[in-house]
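Shown next: work_22.txt, given as compact mmCIF, C-alpha atoms.
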```
# COMPACT_ATOMS: atom_id res chain seq x y z
CA MET Z 11 21.67 12.36 70.06
CA HIS Z 12 22.41 10.89 73.47
CA SER Z 13 24.83 12.26 76.01
CA ILE Z 14 27.87 10.38 77.17
CA GLU Z 15 26.15 9.71 80.52
CA GLU Z 16 23.13 8.18 78.74
CA ARG Z 17 25.36 5.99 76.60
CA VAL Z 18 27.20 4.73 79.68
CA GLU Z 19 23.84 4.02 81.32
CA ILE Z 20 22.81 1.94 78.28
CA ILE Z 21 26.02 -0.09 78.54
CA PHE Z 22 25.38 -0.76 82.26
CA LEU Z 23 21.79 -1.77 81.56
CA TYR Z 24 22.93 -4.19 78.87
CA GLY Z 25 25.52 -5.61 81.26
CA SER Z 26 22.74 -6.56 83.67
CA THR Z 27 20.08 -7.68 81.16
CA LYS Z 28 22.27 -9.26 78.44
CA CYS Z 29 19.36 -8.51 76.08
CA LEU Z 30 19.23 -5.71 73.51
CA ALA Z 31 15.43 -5.40 73.49
CA GLU Z 32 15.16 -5.42 77.30
CA THR Z 33 17.94 -2.83 77.56
CA ALA Z 34 16.07 -0.53 75.18
CA ARG Z 35 12.78 -1.06 77.08
CA GLN Z 36 14.26 -0.25 80.50
CA PHE Z 37 16.09 2.82 79.19
CA ASN Z 38 12.91 4.13 77.53
CA VAL Z 39 11.00 3.75 80.82
CA LEU Z 40 13.65 5.84 82.57
CA HIS Z 41 13.95 8.35 79.71
CA PRO Z 42 10.55 8.60 77.95
CA GLU Z 43 11.57 11.87 76.33
CA ASN Z 44 14.67 10.35 74.65
CA ASN Z 45 13.82 6.82 73.56
CA VAL Z 46 16.25 4.44 71.88
CA GLN Z 47 15.72 1.58 69.47
CA LYS Z 48 17.14 -1.93 69.75
CA SER Z 49 19.38 -1.22 66.76
CA TYR Z 50 20.94 1.77 68.54
CA VAL Z 51 21.70 -0.34 71.59
CA LYS Z 52 23.37 -2.96 69.38
CA HIS Z 53 25.44 -0.30 67.59
CA LEU Z 54 26.56 1.20 70.91
CA VAL Z 55 27.42 -2.18 72.44
CA ASP Z 56 29.38 -3.23 69.34
CA LYS Z 57 31.34 0.03 69.39
CA PHE Z 58 32.09 -0.39 73.11
CA ARG Z 59 33.34 -3.94 72.54
CA GLU Z 60 35.53 -2.81 69.65
CA THR Z 61 36.99 0.40 71.09
CA GLY Z 62 36.27 0.26 74.84
CA SER Z 63 34.63 3.66 74.53
CA VAL Z 64 31.18 5.14 73.86
CA ASN Z 65 32.58 8.34 72.39
CA ASP Z 66 32.08 9.16 68.72
CA LYS Z 67 35.02 8.46 66.47
CA LYS Z 68 36.94 11.53 65.51
CA LYS Z 69 36.64 12.41 61.84
CA PRO Z 70 39.99 12.28 60.04
CA GLY Z 71 41.38 15.69 59.45
CA ARG Z 72 42.37 16.93 56.02
CA ILE Z 73 45.95 16.55 54.94
CA ALA Z 74 47.75 19.68 55.90
CA GLU Z 75 48.28 21.94 52.93
CA VAL Z 76 51.93 22.65 52.22
CA VAL Z 77 53.02 25.97 50.85
CA GLN Z 78 53.92 25.28 47.24
CA ASN Z 79 57.42 26.66 47.28
CA GLU Z 80 60.04 25.86 44.71
CA ASN Z 81 61.30 22.80 46.61
CA THR Z 82 57.82 21.24 46.64
CA LYS Z 83 57.35 21.88 42.93
CA ILE Z 84 60.74 20.41 42.09
CA THR Z 85 59.99 17.31 44.18
CA VAL Z 86 56.63 16.70 42.49
CA LEU Z 87 57.99 17.21 38.98
CA GLY Z 88 61.03 15.05 39.75
CA MET Z 89 58.90 12.16 40.97
CA VAL Z 90 56.69 12.36 37.86
CA ALA Z 91 59.74 12.50 35.59
CA ASN Z 92 61.14 9.40 37.31
CA ASP Z 93 57.86 7.48 37.02
CA PRO Z 94 55.14 9.14 34.86
CA THR Z 95 52.63 6.37 35.69
CA GLN Z 96 52.16 7.37 39.35
CA SER Z 97 48.65 8.34 40.36
CA LEU Z 98 47.68 11.53 42.17
CA LYS Z 99 46.89 9.41 45.22
CA THR Z 100 50.36 7.84 45.26
CA LEU Z 101 52.10 11.17 44.78
CA SER Z 102 49.95 12.75 47.50
CA GLU Z 103 50.66 10.00 50.03
CA ASN Z 104 54.41 9.88 49.29
CA LEU Z 105 54.80 13.66 49.56
CA GLY Z 106 52.37 14.26 52.42
CA ILE Z 107 50.43 16.94 50.54
CA SER Z 108 46.89 17.00 49.20
CA ARG Z 109 45.90 15.67 45.77
CA GLN Z 110 44.69 19.14 44.88
CA SER Z 111 48.17 20.53 45.50
CA VAL Z 112 49.79 17.84 43.34
CA TRP Z 113 47.23 18.40 40.58
CA ARG Z 114 47.75 22.18 40.70
CA ILE Z 115 51.51 21.85 40.31
CA LEU Z 116 51.20 19.44 37.37
CA LYS Z 117 48.52 21.56 35.71
CA ASN Z 118 50.61 24.74 36.04
CA HIS Z 119 53.46 22.95 34.26
CA LYS Z 120 51.18 21.76 31.39
CA TYR Z 121 51.08 18.10 32.48
CA LYS Z 122 48.02 16.06 31.51
CA PRO Z 123 46.96 12.51 32.49
CA PHE Z 124 46.99 10.50 29.26
CA LYS Z 125 45.30 7.11 29.18
CA MET Z 126 47.37 4.02 28.36
CA SER Z 127 46.43 1.45 25.75
CA ILE Z 128 46.94 -2.22 26.66
CA VAL Z 129 48.01 -4.30 23.67
CA GLN Z 130 49.10 -7.88 23.15
CA GLU Z 131 52.82 -8.43 23.13
CA LEU Z 132 54.21 -9.20 19.67
CA GLY Z 133 57.07 -11.59 19.07
CA GLU Z 134 59.85 -11.43 16.52
CA GLY Z 135 58.44 -11.52 12.99
CA ASP Z 136 54.81 -11.05 14.06
CA GLU Z 137 54.56 -7.59 12.49
CA ASP Z 138 55.75 -8.86 9.10
CA ARG Z 139 53.29 -11.77 9.17
CA ARG Z 140 50.39 -9.50 10.04
CA LEU Z 141 51.33 -7.05 7.30
CA GLU Z 142 51.47 -9.92 4.80
CA PHE Z 143 48.03 -11.10 5.92
CA CYS Z 144 46.59 -7.58 5.51
CA GLU Z 145 47.99 -7.29 1.99
CA THR Z 146 46.61 -10.71 1.06
CA ILE Z 147 43.12 -10.05 2.40
CA LEU Z 148 42.99 -6.67 0.65
CA GLU Z 149 43.79 -8.33 -2.67
CA LYS Z 150 40.97 -10.83 -2.10
CA ILE Z 151 38.53 -8.05 -1.18
CA ASN Z 152 39.41 -6.17 -4.37
CA ALA Z 153 38.54 -9.30 -6.31
CA ASN Z 154 35.34 -9.95 -4.32
CA ALA Z 155 33.74 -6.98 -2.54
CA ASP Z 156 31.46 -9.29 -0.51
CA LEU Z 157 34.32 -11.44 0.80
CA ILE Z 158 34.17 -10.02 4.36
CA LYS Z 159 30.55 -11.15 4.66
CA HIS Z 160 31.70 -14.70 3.89
CA ILE Z 161 34.38 -14.89 6.60
CA VAL Z 162 33.97 -16.13 10.17
CA PHE Z 163 36.58 -14.15 12.10
CA SER Z 164 37.55 -15.99 15.28
CA ASP Z 165 39.95 -15.64 18.16
CA GLU Z 166 40.48 -16.45 21.83
CA SER Z 167 41.18 -14.12 24.73
CA SER Z 168 42.36 -14.81 28.27
CA PHE Z 169 40.87 -13.14 31.34
CA SER Z 170 43.10 -13.19 34.41
CA LEU Z 171 41.43 -14.19 37.69
CA SER Z 172 44.30 -12.80 39.74
CA GLY Z 173 43.75 -9.20 38.65
CA GLU Z 174 45.03 -7.07 35.79
CA VAL Z 175 45.52 -3.43 34.97
CA ASN Z 176 42.37 -1.30 35.19
CA THR Z 177 42.78 1.15 32.32
CA GLN Z 178 40.31 3.55 33.95
CA ASN Z 179 42.86 4.12 36.74
CA CYS Z 180 45.97 3.86 34.59
CA ARG Z 181 47.43 7.19 33.42
CA TYR Z 182 50.70 8.55 32.08
CA TRP Z 183 51.66 12.12 33.03
CA SER Z 184 53.22 14.16 30.24
CA ASP Z 185 53.03 17.60 28.62
CA SER Z 186 52.22 15.90 25.27
CA ASN Z 187 50.49 12.64 24.40
CA PRO Z 188 53.19 9.91 24.29
CA HIS Z 189 50.70 7.23 23.07
CA VAL Z 190 51.93 4.82 25.71
CA LEU Z 191 51.28 1.10 25.14
CA ARG Z 192 51.37 -1.56 27.83
CA HIS Z 193 52.22 -5.07 26.65
CA GLY Z 194 49.95 -7.69 28.17
CA HIS Z 195 50.60 -11.43 28.42
CA THR Z 196 47.78 -13.89 27.81
CA GLN Z 197 49.24 -16.90 29.63
CA TRP Z 198 48.42 -16.62 33.33
CA PRO Z 199 48.17 -19.49 35.83
CA GLN Z 200 44.63 -18.54 36.91
CA LYS Z 201 42.44 -17.50 34.01
CA ILE Z 202 39.38 -18.22 31.93
CA ASN Z 203 39.68 -18.44 28.16
CA VAL Z 204 36.90 -17.19 25.92
CA TRP Z 205 36.47 -18.06 22.25
CA ALA Z 206 34.21 -15.98 19.99
CA GLY Z 207 33.65 -15.36 16.32
CA ILE Z 208 32.11 -12.63 14.16
CA PHE Z 209 30.25 -13.67 11.02
CA GLY Z 210 28.64 -10.75 9.23
CA ASP Z 211 26.04 -9.40 11.65
CA HIS Z 212 26.22 -12.50 13.87
CA VAL Z 213 28.32 -13.13 16.97
CA ILE Z 214 29.35 -16.79 17.19
CA GLY Z 215 29.62 -17.73 20.85
CA PRO Z 216 31.07 -16.72 23.21
CA ILE Z 217 32.37 -20.08 24.43
CA PHE Z 218 33.98 -20.22 27.90
CA PHE Z 219 36.48 -22.82 29.06
CA GLU Z 220 38.94 -22.99 31.93
CA GLY Z 221 42.66 -23.49 31.67
CA ASN Z 222 44.89 -23.36 28.62
CA LEU Z 223 43.48 -23.92 25.16
CA THR Z 224 44.77 -27.30 23.99
CA GLY Z 225 44.41 -29.02 20.65
CA GLU Z 226 42.02 -31.53 22.22
CA LYS Z 227 39.76 -28.78 23.62
CA TYR Z 228 39.84 -26.85 20.37
CA LEU Z 229 38.97 -29.90 18.29
CA ALA Z 230 36.00 -30.67 20.55
CA MET Z 231 34.84 -27.07 20.21
CA LEU Z 232 35.09 -27.22 16.41
CA GLN Z 233 33.18 -30.46 16.19
CA ASN Z 234 30.49 -29.97 18.82
CA VAL Z 235 29.94 -26.24 19.20
CA ILE Z 236 31.54 -23.96 16.62
CA GLN Z 237 30.47 -25.67 13.40
CA PRO Z 238 26.78 -26.02 14.46
CA LEU Z 239 26.74 -22.31 15.40
CA VAL Z 240 28.23 -21.34 12.02
CA VAL Z 241 25.67 -23.48 10.18
CA ARG Z 242 22.87 -21.87 12.19
CA ALA Z 243 24.20 -18.39 11.32
CA ILE Z 244 24.18 -19.36 7.62
CA GLU Z 245 20.59 -20.51 7.92
CA ASP Z 246 19.61 -17.29 9.73
CA ASN Z 247 21.38 -15.09 7.17
CA ASP Z 248 19.27 -12.03 6.37
CA ASN Z 249 21.78 -9.66 4.75
CA HIS Z 250 20.78 -10.69 1.22
CA THR Z 251 24.16 -12.30 0.63
CA GLU Z 252 24.16 -15.81 -0.74
CA LEU Z 253 25.83 -18.01 1.84
CA ASP Z 254 26.31 -21.73 2.00
CA GLU Z 255 28.99 -24.14 3.15
CA GLU Z 256 30.80 -23.80 -0.19
CA ASN Z 257 31.59 -20.08 0.00
CA VAL Z 258 32.11 -19.44 3.72
CA PHE Z 259 35.61 -19.12 5.18
CA PHE Z 260 36.65 -19.85 8.76
CA GLN Z 261 39.57 -17.65 9.87
CA GLN Z 262 41.86 -18.43 12.79
CA ASP Z 263 45.34 -17.38 13.84
CA GLY Z 264 48.45 -19.50 14.26
CA ALA Z 265 48.01 -20.43 17.91
CA PRO Z 266 49.60 -23.81 18.77
CA ALA Z 267 46.23 -25.43 19.50
CA HIS Z 268 45.07 -24.54 15.97
CA TYR Z 269 47.66 -26.62 14.16
CA THR Z 270 47.88 -29.82 16.19
CA ILE Z 271 47.69 -32.90 14.01
CA PRO Z 272 44.12 -33.92 15.05
CA VAL Z 273 42.86 -30.39 14.36
CA ARG Z 274 44.56 -30.28 10.95
CA GLU Z 275 43.17 -33.68 10.06
CA TYR Z 276 39.69 -32.57 11.05
CA LEU Z 277 39.96 -29.38 8.99
CA ASP Z 278 41.34 -31.27 6.00
CA ARG Z 279 38.52 -33.82 6.23
CA GLU Z 280 35.62 -31.49 6.88
CA TYR Z 281 36.86 -28.48 4.94
CA PRO Z 282 38.93 -29.90 2.05
CA GLY Z 283 39.10 -26.51 0.32
CA SER Z 284 41.51 -25.15 2.92
CA GLY Z 285 44.63 -26.83 1.53
CA LEU Z 286 46.74 -25.80 4.52
CA ASP Z 287 49.94 -27.28 5.82
CA VAL Z 288 52.05 -26.75 8.92
CA VAL Z 289 54.24 -24.10 7.27
CA ASP Z 290 51.19 -22.04 6.27
CA LEU Z 291 49.78 -22.15 9.77
CA LEU Z 292 53.08 -21.12 11.31
CA ASN Z 293 53.20 -18.07 9.02
CA GLY Z 294 50.32 -16.39 10.83
CA PRO Z 295 46.56 -15.87 10.34
CA GLN Z 296 45.06 -18.30 7.85
CA ASP Z 297 41.62 -19.11 6.48
CA HIS Z 298 39.89 -22.46 6.13
CA GLN Z 299 37.25 -22.73 3.46
CA ILE Z 300 34.17 -24.67 4.57
```

Could you write out this structure as structure tokens?
Amino acid sequence: MHSIEERVEIIFLYGSTKCLAETARQFNVLHPENNVQKSYVKHLVDKFRETGSVNDKKKPGRIAEVVQNENTKITVLGMVANDPTQSLKTLSENLGISRQSVWRILKNHKYKPFKMSIVQELGEGDEDRRLEFCETILEKINANADLIKHIVFSDESSFSLSGEVNTQNCRYWSDSNPHVLRHGHTQWPQKINVWAGIFGDHVIGPIFFEGNLTGEKYLAMLQNVIQPLVVRAIEDNDNHTELDEENVFFQQDGAPAHYTIPVREYLDREYPGSGLDVVDLLNGPQDHQI
């Protein structure tokens, strides 16, 4: 530790030498019992330029604790009732009391921070279509217990580059679990789309592409990337299930890019067992037999 007088002396020495190393050398000659390093001189000079002072910065004091009277409790509980998604930090800053005080009040009134689940927004009729698909696939599984091992399940997901909700910091305050869901949109101006498939014990992909998924992009992926990866997975099959191009199904949902005319023509030509039309695709998840 160096006194204020020594720090001022270092600043004056630097003002005359304009050199960090020379400043440290001259100071050490004058004060052999309390040497300084070049890095210390630089730190002190930078602080002086920034603040105009060589004094140490004062440590921020703790937020003053407020006596938890009835008015404080009512205010905290009222703010949580108005918006149960507020964090302890937000409540603390808005009320001017410590996080520990906010937490103590909520805990005493049986409030707990429940984690939200982010789910994709469903449109009108989506639930019925998904239920129909589940019933259909269950019927097929009952007829063929190994059917799941013959299906390539595929989908795309969008990752926003402009930021999205961090579920680790997203809580809902309540005295009982409300099972809160947050609807998330997948169409954002700045994003990266990722396609991936699951085929038995294999992961097909992932395949990354920028911008919106168009029919042209999807067709190129099917032709040049997806089909070769599926064929390779069939060749690498080691789960003792007989797989070949005749008994493998490729599953996709009803996204617009999946039922453009070029994509349908490609699927009809390469996978004639699918027998799909536009109406089928619009009704939700479908399968294409390879």

note - CA of Leu277 in chain Z and CA of Gly207 in chain Z are separated by 17.0 Å

One decimal place gives the CA of Phe209 in chain Z-CA of Phe169 in chain Z separation as 22.9 Å

When you count all atoms listed in the file, which of these residues is closest to Asp246 in chain Z: Z:Asp93, Z:Glu149, Z:Glu43, Z:Asp211?
Z:Asp211

What is the distance, in Å and to one decimal place, between CA of Ala206 in chain Z and CA of Val273 in chain Z?
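Straight-line distance from CA of Ala206 in chain Z to CA of Val273 in chain Z works out to 17.7 Å.
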
Find the residue from Z:Asn118, Z:Gly264, Z:Pro238, Z:Asp278 that sits nearest to Arg140 in chain Z; use all atoms listed in the file when measuring.
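Of the candidates, the smallest distance to Arg140 in chain Z is held by Z:Gly264.
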
I want to know what sits within 10 Å of His212 in chain Z, based on all atoms listed in the file, with residues of the same chain fewer than 2 positions away left out; could you give that as a list in words?
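Residues near the query, excluding close chain neighbours: Val162, Gly207, Ile208, Phe209, Gly210, Ile214, Gly215, Leu239, Val240, Ala243, Ile244, Asp246 and Asn247 of chain Z.
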
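Nearest residue to Gly221 in chain Z, choosing from Z:Lys83, Z:Arg17, Z:Lys201, Z:Lys150 and counting all atoms listed in the file: Z:Lys201.
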